[in-house]
Amino acid sequence: KKKKKKKKLPTQKPPNGVRDMSEAASRSATPLALIEDVDEDTSRKSQRRYRLVDMMGLFSMSYCYGFIFSSVVTLVIPQEIQRMTQYKQSVWMSLIMGCGAISQLSSPIVGAWSDRLAKRLPFIVYGTFVCILGVLCFAVVRFLNSLLLLCVAHFTTMIGLSIIYSMISALLNDCIHPDQIGTGSGTIAILGTLGSGCSYFMFAMDLPLELTYACYIGTCVVCLGVSVLFIPKNLDSTLARSSKKQNSNVFTTRDLLLEAITLPSPSHHPDFTLACTSRMLFNTGLASQVYLAYFFRDIMLYKAPTQMVSMVAVMSLIGCTLAALPAGILSDKIGKKPVIYVGVGICLSALLLFLIMVTREGFLVLGVYYGVGNIAYLSVDYAVGVASLPREDADPHAPVDAAKDLGIFSMSATLGSVVGQVLYGAVLDIYAVDMGGSTKYTRAGFTVAFGTAGLFFLLSGLSVRWIKSVQ
């Protein structure tokens with residue numbers, strides 16, 4: 001008798017993204033809410049898609065950063081210098097800003113430390129308390145009238161803010177899905193813009209500085225509480241599992257410092273080098289706005305130049321608020337480079353228009369225009385930084401040292417700001433006129449300073465053109 005052939009049962013093919021049917025069966029027993037966060041790449045398990053409200057809670061410390069940083073640099077320090085001395089004010093401004101710039105070296109050090117320990121939230125807490133300590137030093141300056149103590153206050157505050165911002169940028173890489181990086185970067189920008197706007201609004205109301213410092217401290221505490229609520233509870237454990245450094249808890253100070261100052265090789269990681277260069281050049285151009293109070297005082301002859309700067313800044317932040325989120329969302333769809341080119345072009349033309357504007361209303365309109373260009377760049381620059389982070393060839397999705405390298409990326413902005421502040425201060429001093437115990441700055445000095453700033457904006461846009469990892 002012939003043996004009957006057994007019929008083969010039809011085999012089921014596993015669904016896309018699943019290796020075999022056993023894995024499919026295990027997933028079928030998994031709640032749908034958990035499946036959304038599963039990713040084949042271990043280093044990206046903490047990344048998921050966020051709603052806009054959740055993003056704003058996650059990056060709430062960006063509001064605190066903008067609320068303190070913008071007004072301290074552009075209003076508090078110039079106002080305190082003007083109160084304590086009438087001679088060589090631009091030189092004192094450059095020296096104090098230089099002291100603040102040195103504090104930015106903490107960004108890569110803290111970033112490397114955070115990568116080693118695979119923790120983010122504790123460093124946000126440390127940075128917040130250091131920032132509060134710096135604000136208290138500013139309050140003491142009001143009573144002691146010491147320029148040296150003003151340097152200490154600025155140095156301490158900037159250390160705290162740099163720690164906070166380096167952790168914000170690390171959270172962007174740790175938590176946000178790659179498809180939403182542009183939106184996340186735009187959310188960071190719009191929160192910083194809103195913080196700056198509220199701060200400038202306080203100065204436009206001519207509030208006492210003592211009350212302003214109290215608002216700084218209150219904002220730090222509230223934003224820290226919101227961050228604690230929205231940062232994923234399992235983030236540290238997820239970072240620890242995906243960390244390349246299994247011995248992260250055992251390291252010496254020497255190892256930490258060496259790792260922090262080790263820059264990614266420009267030949268192996270040219271995109272990251274170009275991203276840092278572009279950010280440095282753009283912030284070198286932005287540094288010219290530090291001297292707007294002297295422009296309105298000596299060129300436009302306004303009796304209350306600080307309040308005028310506040311009004312222009314508020315109008316600028318209205319432009320930033322209107323354009324920040326659309327720019328981030330648009331960059332996810334059409335690419336980052338076109339948005340950057342538009343932003344650079346607007347900032348360049350706005351600076352040139354500042355030199356020929358003669359009316360208050362014109363300056364306010366220019367403020368809105370300048371804000372749109374400024375935020376068009378800033379809303380995507382961190383997305384460019386995250387996209388160009390150095391990665392290993394074996395694991396192209398996982399950055400080698402995310403927090404440390406983003407600390408270097410943050411420090412590039414500080415380096416540009418310091419170079420610009422020192423450069424423009426020197427230019428203004430060259431063309432200044434000694435009025436016998438006081439210094440008056442001339443239109444020629446501002447023409448050279450603003451023209452140089454426009455050149456830096458142009459070079460910033462050209463640097464982005466050759467970044468291959470960014471569209």
# chains A, B, ... in the order shown; residues from 1 in each chain; ligands from 1
$ residues_around --residues "Ile467 (chain A)" --least-positions-apart "6" --cutoff "10 Å" --atoms "only C-alpha atoms" --output "list in words"
Pro270, Asp271, Phe272, Thr273, Leu274, Ala275, Lys337, Val384, Ala387 and Ser388 of chain A
$ closest_residue --among "A:Ala170, A:Val76, A:Met158, A:Ile356" --to "Ala118 (chain A)" --atoms "only C-alpha atoms"
A:Ala170
$ atom_distance --atom1 "CA of Ser267 (chain A)" --atom2 "CA of Leu406 (chain A)"
18.5 Å
$ select_by_dssp --residues "region 179-417 of chain A" --states "helix (DSSP H, G or I)" --output "VMD selection string"
chain A and resid 179 to 204 209 to 230 235 to 242 253 to 261 270 to 298 305 to 334 336 to 356 360 to 387 402 to 417
$ residues_around --residues "region 125-138 of chain A" --least-positions-apart "2" --cutoff "9 Å" --atoms "only C-alpha atoms" --output "list of chain:residue names"
A:Leu121, A:Pro122, A:Phe123, A:Val140, A:Val141, A:Arg142, A:Leu149, A:Leu150, A:Val152, A:Ala153, A:His154, A:Phe155, A:Thr156, A:Thr157, A:Met158, A:Ile159, A:Gly160, A:Leu161, A:Ser162, A:Ile163, A:Ile164, A:Tyr165, A:Tyr213, A:Ala214, A:Tyr216, A:Ile217, A:Cys220, A:Val221, A:Leu224
$ write_last_selection --atoms "N, CA and C atoms" --output "PDB file, in the first residue's frame"
ATOM      1  N   LEU A 121      17.835  63.769  36.627  1.00  0.00           N
ATOM      2  CA  LEU A 121      17.082  64.583  37.572  1.00  0.00           C
ATOM      3  C   LEU A 121      17.930  65.133  38.721  1.00  0.00           C
ATOM      4  N   PRO A 122      18.821  64.336  39.343  1.00  0.00           N
ATOM      5  CA  PRO A 122      19.622  64.922  40.437  1.00  0.00           C
ATOM      6  C   PRO A 122      20.427  66.140  40.004  1.00  0.00           C
ATOM      7  N   PHE A 123      20.927  66.137  38.769  1.00  0.00           N
ATOM      8  CA  PHE A 123      21.731  67.267  38.307  1.00  0.00           C
ATOM      9  C   PHE A 123      20.855  68.494  38.032  1.00  0.00           C
ATOM     10  N   VAL A 140      22.702  90.708  47.252  1.00  0.00           N
ATOM     11  CA  VAL A 140      23.681  91.300  48.171  1.00  0.00           C
ATOM     12  C   VAL A 140      24.429  92.446  47.497  1.00  0.00           C
ATOM     13  N   VAL A 141      24.631  92.353  46.163  1.00  0.00           N
ATOM     14  CA  VAL A 141      25.327  93.418  45.427  1.00  0.00           C
ATOM     15  C   VAL A 141      24.616  94.756  45.608  1.00  0.00           C
ATOM     16  N   ARG A 142      23.304  94.738  45.721  1.00  0.00           N
ATOM     17  CA  ARG A 142      22.541  95.971  45.902  1.00  0.00           C
ATOM     18  C   ARG A 142      22.957  96.728  47.151  1.00  0.00           C
ATOM     19  N   LEU A 149      31.865  91.453  43.528  1.00  0.00           N
ATOM     20  CA  LEU A 149      30.771  90.575  43.934  1.00  0.00           C
ATOM     21  C   LEU A 149      29.776  90.376  42.791  1.00  0.00           C
ATOM     22  N   LEU A 150      29.636  91.374  41.925  1.00  0.00           N
ATOM     23  CA  LEU A 150      28.781  91.229  40.750  1.00  0.00           C
ATOM     24  C   LEU A 150      29.331  90.138  39.828  1.00  0.00           C
ATOM     25  N   VAL A 152      31.132  87.555  40.855  1.00  0.00           N
ATOM     26  CA  VAL A 152      30.871  86.292  41.555  1.00  0.00           C
ATOM     27  C   VAL A 152      29.419  85.865  41.377  1.00  0.00           C
ATOM     28  N   ALA A 153      28.496  86.823  41.496  1.00  0.00           N
ATOM     29  CA  ALA A 153      27.075  86.511  41.345  1.00  0.00           C
ATOM     30  C   ALA A 153      26.763  85.990  39.949  1.00  0.00           C
ATOM     31  N   HIS A 154      27.327  86.667  38.944  1.00  0.00           N
ATOM     32  CA  HIS A 154      27.093  86.235  37.561  1.00  0.00           C
ATOM     33  C   HIS A 154      27.718  84.867  37.307  1.00  0.00           C
ATOM     34  N   PHE A 155      28.907  84.649  37.827  1.00  0.00           N
ATOM     35  CA  PHE A 155      29.605  83.375  37.653  1.00  0.00           C
ATOM     36  C   PHE A 155      28.793  82.230  38.262  1.00  0.00           C
ATOM     37  N   THR A 156      28.311  82.418  39.481  1.00  0.00           N
ATOM     38  CA  THR A 156      27.559  81.368  40.168  1.00  0.00           C
ATOM     39  C   THR A 156      26.228  81.086  39.476  1.00  0.00           C
ATOM     40  N   THR A 157      25.520  82.145  39.096  1.00  0.00           N
ATOM     41  CA  THR A 157      24.233  81.957  38.419  1.00  0.00           C
ATOM     42  C   THR A 157      24.399  81.227  37.104  1.00  0.00           C
ATOM     43  N   MET A 158      25.444  81.575  36.334  1.00  0.00           N
ATOM     44  CA  MET A 158      25.654  80.936  35.051  1.00  0.00           C
ATOM     45  C   MET A 158      26.040  79.458  35.195  1.00  0.00           C
ATOM     46  N   ILE A 159      26.751  79.097  36.270  1.00  0.00           N
ATOM     47  CA  ILE A 159      27.042  77.681  36.508  1.00  0.00           C
ATOM     48  C   ILE A 159      25.738  76.907  36.692  1.00  0.00           C
ATOM     49  N   GLY A 160      24.854  77.436  37.539  1.00  0.00           N
ATOM     50  CA  GLY A 160      23.580  76.765  37.754  1.00  0.00           C
ATOM     51  C   GLY A 160      22.762  76.646  36.487  1.00  0.00           C
ATOM     52  N   LEU A 161      22.682  77.734  35.700  1.00  0.00           N
ATOM     53  CA  LEU A 161      21.898  77.705  34.470  1.00  0.00           C
ATOM     54  C   LEU A 161      22.510  76.773  33.428  1.00  0.00           C
ATOM     55  N   SER A 162      23.834  76.711  33.354  1.00  0.00           N
ATOM     56  CA  SER A 162      24.463  75.823  32.376  1.00  0.00           C
ATOM     57  C   SER A 162      24.221  74.361  32.722  1.00  0.00           C
ATOM     58  N   ILE A 163      24.219  74.026  34.020  1.00  0.00           N
ATOM     59  CA  ILE A 163      23.901  72.658  34.441  1.00  0.00           C
ATOM     60  C   ILE A 163      22.458  72.319  34.052  1.00  0.00           C
ATOM     61  N   ILE A 164      21.550  73.242  34.311  1.00  0.00           N
ATOM     62  CA  ILE A 164      20.144  73.017  33.981  1.00  0.00           C
ATOM     63  C   ILE A 164      19.974  72.791  32.481  1.00  0.00           C
ATOM     64  N   TYR A 165      20.588  73.650  31.680  1.00  0.00           N
ATOM     65  CA  TYR A 165      20.350  73.564  30.233  1.00  0.00           C
ATOM     66  C   TYR A 165      21.006  72.340  29.615  1.00  0.00           C
ATOM     67  N   TYR A 213      14.445  89.685  41.873  1.00  0.00           N
ATOM     68  CA  TYR A 213      15.232  88.546  42.360  1.00  0.00           C
ATOM     69  C   TYR A 213      14.340  87.538  43.080  1.00  0.00           C
ATOM     70  N   ALA A 214      13.344  88.013  43.811  1.00  0.00           N
ATOM     71  CA  ALA A 214      12.409  87.102  44.470  1.00  0.00           C
ATOM     72  C   ALA A 214      11.626  86.294  43.437  1.00  0.00           C
ATOM     73  N   TYR A 216      12.770  85.499  40.468  1.00  0.00           N
ATOM     74  CA  TYR A 216      13.726  84.512  39.946  1.00  0.00           C
ATOM     75  C   TYR A 216      13.707  83.236  40.802  1.00  0.00           C
ATOM     76  N   ILE A 217      13.808  83.416  42.103  1.00  0.00           N
ATOM     77  CA  ILE A 217      13.870  82.259  43.009  1.00  0.00           C
ATOM     78  C   ILE A 217      12.563  81.475  42.968  1.00  0.00           C
ATOM     79  N   CYS A 220      12.374  79.350  39.835  1.00  0.00           N
ATOM     80  CA  CYS A 220      13.226  78.157  39.937  1.00  0.00           C
ATOM     81  C   CYS A 220      12.514  77.030  40.685  1.00  0.00           C
ATOM     82  N   VAL A 221      11.901  77.360  41.805  1.00  0.00           N
ATOM     83  CA  VAL A 221      11.251  76.339  42.642  1.00  0.00           C
ATOM     84  C   VAL A 221      10.053  75.728  41.924  1.00  0.00           C
ATOM     85  N   LEU A 224      11.115  73.566  38.861  1.00  0.00           N
ATOM     86  CA  LEU A 224      11.721  72.315  39.319  1.00  0.00           C
ATOM     87  C   LEU A 224      10.636  71.315  39.731  1.00  0.00           C
TER      88      LEU A 224
END
$ closest_residue --among "A:Val418, A:Leu352, A:Ala383, A:Val365" --to "Phe457 (chain A)" --atoms "only C-alpha atoms"
A:Leu352
$ closest_residue --among "A:Gly362, A:Gly111, A:Gly371, A:Gly66" --to "Thr219 (chain A)" --atoms "only C-alpha atoms"
A:Gly66
$ closest_residue --among "A:Leu428, A:Met55, A:Met93, A:Leu144" --to "Gln79 (chain A)" --atoms "only C-alpha atoms"
A:Met93
$ residues_around --residues "Phe282 (chain A)" --least-positions-apart "5" --cutoff "9 Å" --atoms "only C-alpha atoms" --output "PDB file with N, CA and C atoms, in the first residue's frame"
ATOM      1  N   THR A 277      30.070  74.844  15.239  1.00  0.00           N
ATOM      2  CA  THR A 277      30.588  76.069  14.617  1.00  0.00           C
ATOM      3  C   THR A 277      29.448  77.008  14.247  1.00  0.00           C
ATOM      4  N   ALA A 287      25.189  88.374  20.268  1.00  0.00           N
ATOM      5  CA  ALA A 287      25.800  89.097  21.392  1.00  0.00           C
ATOM      6  C   ALA A 287      25.724  90.602  21.231  1.00  0.00           C
ATOM      7  N   VAL A 344      18.458  83.076   9.627  1.00  0.00           N
ATOM      8  CA  VAL A 344      19.701  83.835   9.499  1.00  0.00           C
ATOM      9  C   VAL A 344      19.486  85.082   8.645  1.00  0.00           C
ATOM     10  N   TYR A 377      15.856  80.095  13.969  1.00  0.00           N
ATOM     11  CA  TYR A 377      17.118  79.355  14.141  1.00  0.00           C
ATOM     12  C   TYR A 377      17.120  78.572  15.445  1.00  0.00           C
ATOM     13  N   ALA A 413      27.797  77.823  22.107  1.00  0.00           N
ATOM     14  CA  ALA A 413      27.005  79.051  22.109  1.00  0.00           C
ATOM     15  C   ALA A 413      27.602  80.080  23.063  1.00  0.00           C
ATOM     16  N   GLY A 416      30.669  81.666  21.592  1.00  0.00           N
ATOM     17  CA  GLY A 416      30.304  82.692  20.624  1.00  0.00           C
ATOM     18  C   GLY A 416      29.827  83.966  21.290  1.00  0.00           C
ATOM     19  N   SER A 417      29.025  83.820  22.355  1.00  0.00           N
ATOM     20  CA  SER A 417      28.521  85.004  23.057  1.00  0.00           C
ATOM     21  C   SER A 417      29.659  85.818  23.661  1.00  0.00           C
ATOM     22  N   ALA A 453      28.316  91.839  13.388  1.00  0.00           N
ATOM     23  CA  ALA A 453      27.361  90.827  13.855  1.00  0.00           C
ATOM     24  C   ALA A 453      26.596  90.216  12.683  1.00  0.00           C
ATOM     25  N   PHE A 456      28.648  87.569  11.025  1.00  0.00           N
ATOM     26  CA  PHE A 456      28.645  86.297  11.766  1.00  0.00           C
ATOM     27  C   PHE A 456      27.353  85.514  11.515  1.00  0.00           C
ATOM     28  N   PHE A 457      26.218  86.199  11.399  1.00  0.00           N
ATOM     29  CA  PHE A 457      24.970  85.516  11.064  1.00  0.00           C
ATOM     30  C   PHE A 457      25.089  84.816   9.712  1.00  0.00           C
ATOM     31  N   LEU A 458      25.670  85.506   8.750  1.00  0.00           N
ATOM     32  CA  LEU A 458      25.829  84.933   7.413  1.00  0.00           C
ATOM     33  C   LEU A 458      26.712  83.691   7.435  1.00  0.00           C
ATOM     34  N   LEU A 459      27.830  83.760   8.144  1.00  0.00           N
ATOM     35  CA  LEU A 459      28.736  82.611   8.236  1.00  0.00           C
ATOM     36  C   LEU A 459      28.076  81.437   8.963  1.00  0.00           C
ATOM     37  N   SER A 460      27.203  81.729   9.902  1.00  0.00           N
ATOM     38  CA  SER A 460      26.489  80.670  10.612  1.00  0.00           C
ATOM     39  C   SER A 460      25.615  79.870   9.654  1.00  0.00           C
ATOM     40  N   GLY A 461      24.882  80.573   8.791  1.00  0.00           N
ATOM     41  CA  GLY A 461      24.049  79.875   7.814  1.00  0.00           C
ATOM     42  C   GLY A 461      24.859  79.054   6.826  1.00  0.00           C
TER      43      GLY A 461
END
$ closest_residue --among "A:Met167, A:Ala139, A:Val290, A:Ile190" --to "Leu211 (chain A)" --atoms "only C-alpha atoms"
A:Ala139
$ atom_distance --atom1 "CA of Tyr424 (chain A)" --atom2 "CA of Thr439 (chain A)"
15.3 Å
